[in-house]
Amino acid sequence: MPSVLGPDYSLPPMEEAIIRTDGLKKSFGEVQAVKGVDLFVEQGAVFGLLGPNGAGKTTTIRILTTLLEPDEGSATVAGFDVVKDAVRLRPVIGLAGQSAAVDENLTGLENLEMVGRLYHLPPAVARRRAMDVLERFDLAEAAHRTAKTYSGGMRRRLDVGASLVGQPSVLFMDEPTTGLDPRSRLVLWELIRDLQREGTTVLLCTQYLEEADHLCDRISVIDLGTVIAEGTSEELKEKIGGEVLELHVAAEDLPRAAETVRGLGTGDPAPDEETRLIRIPVGSEGPRVLLETVRRLDDSGITIDDIALHKPTLDDVFLSLTGHAAEVALEESGEAPPVAEKKRRRRDR
Amino acid sequence: MSAVTMERPVTTNRALLSFFDSLVVARRNLMQIVRIPAVLVFELVQPVMFVLLFRYVFADNILIKDPEIIALGGYVVFLMPGIIVQNAIFGATTTAIGIAEDLKSGLVDRFRSLPMARSAMLAGRATSDLIKNFILLLVVIGIGYLVGFSFQNGLLGALAMIVLVMAVSFTFSWVMAAIALSVKKLEAVQAAAFTGIFPLVFISSALVPIAGMAEWLQVIARNNPITHWANLARYFAIGEFSTMGGSPEQLILWSALWILGLLAIFMPLSIRLYSKLT
């Protein structure tokens, strides 16, 4: 019989999935934040939950980390039911939430030691683990400074570090790079890849397609509380048709330019009189089509005002999967399902 | 499964683990005082101000005419035990504020996702606030001595008063925890905590004798637990006095019943609210 509270016990025999949800539903008053999410995450994967604010990502993660009980449906993590076996589940998971949940008045080391003690590690072990994590997150030099003096990036790293002190087998990260500068973002991405190499399963919420693309083995696209697409990043991109070449020319050249580049991409060029823009779907042949386009237009004496390869973004994914934009910019104020969802639903009607 | 370690936990005894968890949390809370001692200084301002205001504004005013109070050694002797009970209750509002701050910062989410006991965050907060309120109590007693108060019922009486006041403070920490976990928003928590407490303290024998109140207020005041606690604290501090409202044994019984009753309601309620947070 494994110990119920300590980290010292073995996991039950794993089926194929380390995270599995069936028909997960959760409402807050009138608002259905999650309306039937099904997930299947293989052990050792970095799994992406991709969607705009208010899509239900945070609610899903909160259910999986035992912070919320679902209204309907079930979920197991590492073989434990998130409701019935919550006490046995908590020792094997780690959570890096949306806000950097660190105590400002404690030093970096004290913050991590505290978390270690609350995983019921002996003091010496908690301290050693805390130091290891600080080393690893490039925070060793700031170990004895209070977290108040940390920059935003350092705080976020400390927060993610705190979720690792217990050496979880499943790590949940809710938009870990939101608000980080590009360098800190890269550091965090590298860390996530390292964790995966060490066998940790990571469930990552993000609103950035680029991030999911870089890190995740599989991605579930989630919107309005349901999963609307699932697959590898390649599969998802195929679904939305890959890259697009965008070409700006003078208004009078528009028809001739469109004719000149016809047949180069994977579909017909679409000229837009108003914006003087020609969009050419190029699949994965972007660079070749770009070069050939420049060559042909140059030969025909057409001046190119601007030309760019446009990689599919979250907006494109959403546009193509749901017919509405992700509205990332509009809802930057934080995941607020009630307002955000009502707003969008109204617009859809 | 590389991630699962074979290091032994400290113990596997559930009750012991809950206790250790609470200590870890209490230590963390107390670090705030160590790191920002100014917080403690600011928290002292209010109780000291109350002592001085009541001592000097009220004492030389109407109540000095009460021969009972003059016989005790003046209003300050009547006032101090009562205001100490009041401060213990006001001091417990930091429990509500601390919890609301942790809710806001996301630390509560972190704690709730950890394998620590469900009671530990609240018990840890109640414990650290108890220690903080003990420090405040000693300072307030010191100020009391400076403005004319002294214990007149022996060392044991003084110690008994301190124990009673700390028990009241601990009890109200749990009431405050329930308020914080229901209201959640920091500003609202502050407002809710003080709005509840002010009338409760003022309609009691903490600051003035009940006999001077309107008839209907007297009914409330007599059944207010703060009246029992203030009277008992007064008895422990200065010995028997005429407006005690019962024998010492009766006061002890009523005071203990109120403390245990409130704890029996608000401890499980707070822990339940904490477990069911959304």
# chains A, B, ... in the order shown; residues from 1 in each chain; ligands from 1
$ select_by_dssp --residues "segment 43-183 of chain A" --states "strand (DSSP E)" --output "PyMOL selection string"
chain A and resi 46-50+72-77+80-81+93-96+170-174
$ interface_residues --of "chain A" --to "chain B" --cutoff "6 Å" --atoms "only C-alpha atoms" --output "NGL selection string"
:A and (6 or 8 or 68 or 90-91 or 101 or 105 or 118-122 or 167-169)
$ write_last_selection --atoms "C-alpha atoms" --output "PDB file, in the first residue's frame"
ATOM      1  CA  GLY A   6       4.461  11.397   1.020  1.00  0.00           C
ATOM      2  CA  ASP A   8       7.398   8.002  -1.677  1.00  0.00           C
ATOM      3  CA  LEU A  68     -11.814  22.782  -9.258  1.00  0.00           C
ATOM      4  CA  ARG A  90      -1.277  16.035  -5.725  1.00  0.00           C
ATOM      5  CA  PRO A  91       2.175  14.634  -4.826  1.00  0.00           C
ATOM      6  CA  ALA A 101       2.645  32.640  -7.386  1.00  0.00           C
ATOM      7  CA  ASN A 105       8.937  38.663   1.061  1.00  0.00           C
ATOM      8  CA  LEU A 118       4.975  21.221   1.684  1.00  0.00           C
ATOM      9  CA  TYR A 119       5.716  18.238  -0.590  1.00  0.00           C
ATOM     10  CA  HIS A 120       6.858  16.707   2.728  1.00  0.00           C
ATOM     11  CA  LEU A 121      10.504  16.439   1.832  1.00  0.00           C
ATOM     12  CA  PRO A 122      12.937  16.368   4.749  1.00  0.00           C
ATOM     13  CA  GLN A 167       9.796  16.515  -9.174  1.00  0.00           C
ATOM     14  CA  PRO A 168       6.328  15.980 -10.611  1.00  0.00           C
ATOM     15  CA  SER A 169       5.697  13.361 -13.261  1.00  0.00           C
TER      16      SER A 169
END
$ atom_distance --atom1 "atom CA of Arg136 of chain A" --atom2 "atom CA of Asp159 of chain A"
13.1 Å
$ select_by_dssp --residues "segment 214-317 of chain A" --states "helix (DSSP H, G or I)" --output "PyMOL selection string"
chain A and resi 214-215+233-240+251-260+286-299+314-317
$ residues_around --residues "segment 250-256 of chain A" --least-positions-apart "3" --cutoff "12 Å" --atoms "only C-alpha atoms" --output "list of chain:residue names"
A:Leu247, A:Glu259, A:Thr260, A:Val261, A:Arg262, A:Pro269, A:Ala270, A:Pro271, A:Asp272, A:Glu273, A:Glu274, A:Thr275, A:Arg276, A:Leu277, A:Ile278, A:Arg279, A:Arg296, A:Leu297, A:Ser300, A:Gly301, A:Ile302, A:Thr303, A:Ile304, A:Asp305, A:Asp306
$ residues_around --residues "Val170 of chain A" --least-positions-apart "5" --cutoff "9 Å" --atoms "only C-alpha atoms" --output "NGL selection string"
(:A and (18-19 or 43-44 or 77-78 or 92-95 or 200-203)) or (:B and (3))
$ residues_around --residues "Arg20 of chain A" --least-positions-apart "4" --cutoff "12 Å" --atoms "only C-alpha atoms" --output "MDAnalysis selection string"
chainID A and resid 14:16 24 37:43 47 60 63:64 73:82 203
$ write_last_selection --atoms "N, CA and C atoms" --output "CSV table (one decimal), in the first residue's frame"
chain,number,residue,atom,x,y,z
A,14,MET,N,0.3,2.2,-15.8
A,14,MET,CA,-0.3,3.2,-16.7
A,14,MET,C,-0.9,2.5,-17.9
A,15,GLU,N,-2.1,3.0,-18.2
A,15,GLU,CA,-2.6,2.6,-19.5
A,15,GLU,C,-1.9,3.4,-20.6
A,16,GLU,N,-2.5,3.7,-21.7
A,16,GLU,CA,-1.8,4.5,-22.7
A,16,GLU,C,-1.7,5.9,-22.3
A,24,LEU,N,-15.6,16.5,-20.0
A,24,LEU,CA,-15.4,17.4,-18.9
A,24,LEU,C,-16.3,18.7,-19.0
A,37,VAL,N,-14.9,18.7,-22.7
A,37,VAL,CA,-13.5,18.6,-23.2
A,37,VAL,C,-13.1,17.2,-23.1
A,38,ASP,N,-12.6,16.6,-24.2
A,38,ASP,CA,-12.0,15.3,-24.1
A,38,ASP,C,-10.5,15.4,-24.5
A,39,LEU,N,-9.7,14.9,-23.6
A,39,LEU,CA,-8.2,15.0,-23.9
A,39,LEU,C,-7.6,13.6,-23.7
A,40,PHE,N,-6.6,13.4,-24.4
A,40,PHE,CA,-5.9,12.1,-24.3
A,40,PHE,C,-4.4,12.5,-24.5
A,41,VAL,N,-3.6,12.4,-23.4
A,41,VAL,CA,-2.2,12.8,-23.5
A,41,VAL,C,-1.4,11.6,-23.1
A,42,GLU,N,-0.4,11.3,-24.0
A,42,GLU,CA,0.5,10.2,-23.8
A,42,GLU,C,1.6,10.5,-22.8
A,43,GLN,N,2.0,9.5,-22.1
A,43,GLN,CA,3.1,9.8,-21.1
A,43,GLN,C,4.3,10.3,-21.8
A,47,PHE,N,2.1,18.4,-24.4
A,47,PHE,CA,0.8,18.5,-25.0
A,47,PHE,C,0.3,20.0,-24.9
A,60,THR,N,-9.9,24.1,-17.5
A,60,THR,CA,-9.5,22.7,-17.7
A,60,THR,C,-8.3,22.4,-16.8
A,63,ILE,N,-9.2,22.1,-13.2
A,63,ILE,CA,-9.8,20.8,-12.9
A,63,ILE,C,-8.8,19.7,-12.8
A,64,LEU,N,-7.8,19.7,-13.7
A,64,LEU,CA,-6.8,18.6,-13.8
A,64,LEU,C,-5.8,18.7,-12.6
A,73,GLY,N,-18.6,14.7,-16.2
A,73,GLY,CA,-17.4,14.1,-16.9
A,73,GLY,C,-16.4,13.7,-15.9
A,74,SER,N,-15.3,13.1,-16.4
A,74,SER,CA,-14.3,12.6,-15.5
A,74,SER,C,-12.9,12.9,-16.0
A,75,ALA,N,-12.0,12.9,-15.2
A,75,ALA,CA,-10.6,13.1,-15.6
A,75,ALA,C,-9.7,12.3,-14.7
A,76,THR,N,-8.7,11.6,-15.4
A,76,THR,CA,-7.6,11.0,-14.6
A,76,THR,C,-6.3,11.5,-15.0
A,77,VAL,N,-5.4,11.7,-14.0
A,77,VAL,CA,-4.0,12.1,-14.3
A,77,VAL,C,-3.1,11.1,-13.6
A,78,ALA,N,-2.2,10.6,-14.3
A,78,ALA,CA,-1.3,9.6,-13.7
A,78,ALA,C,-2.1,8.4,-13.1
A,79,GLY,N,-3.2,8.1,-13.6
A,79,GLY,CA,-4.0,7.0,-13.1
A,79,GLY,C,-4.9,7.4,-12.0
A,80,PHE,N,-4.8,8.6,-11.5
A,80,PHE,CA,-5.7,9.0,-10.3
A,80,PHE,C,-6.8,9.8,-10.8
A,81,ASP,N,-8.0,9.5,-10.3
A,81,ASP,CA,-9.2,10.4,-10.6
A,81,ASP,C,-9.0,11.7,-9.9
A,82,VAL,N,-9.2,12.8,-10.7
A,82,VAL,CA,-8.9,14.1,-10.1
A,82,VAL,C,-9.8,14.5,-9.0
A,203,LEU,N,1.7,19.5,-19.8
A,203,LEU,CA,0.5,20.0,-20.4
A,203,LEU,C,0.6,21.5,-20.4
$ residues_around --residues "Asp71 of chain A" --least-positions-apart "4" --cutoff "10 Å" --atoms "only C-alpha atoms" --output "PyMOL selection string"
chain A and resi 24-28+34-35
$ write_last_selection --atoms "C-alpha atoms" --output "tab-separated table (two decimals), in the first residue's frame"
chain	number	residue	atom	x	y	z
A	24	LEU	CA	-15.45	17.45	-18.85
A	25	LYS	CA	-17.98	20.18	-18.08
A	26	LYS	CA	-17.84	23.15	-15.76
A	27	SER	CA	-20.12	26.15	-15.42
A	28	PHE	CA	-19.80	29.31	-13.37
A	34	VAL	CA	-15.96	24.10	-20.28
A	35	LYS	CA	-18.62	22.21	-22.21
$ residues_around --residues "segment 206-219 of chain B" --least-positions-apart "2" --cutoff "6 Å" --atoms "only C-alpha atoms" --output "JSON, numbers by chain"
{"B": [79, 82, 204, 221, 222, 230]}
$ atom_distance --atom1 "atom CA of Glu230 of chain A" --atom2 "atom CA of Ser284 of chain A"
20.2 Å
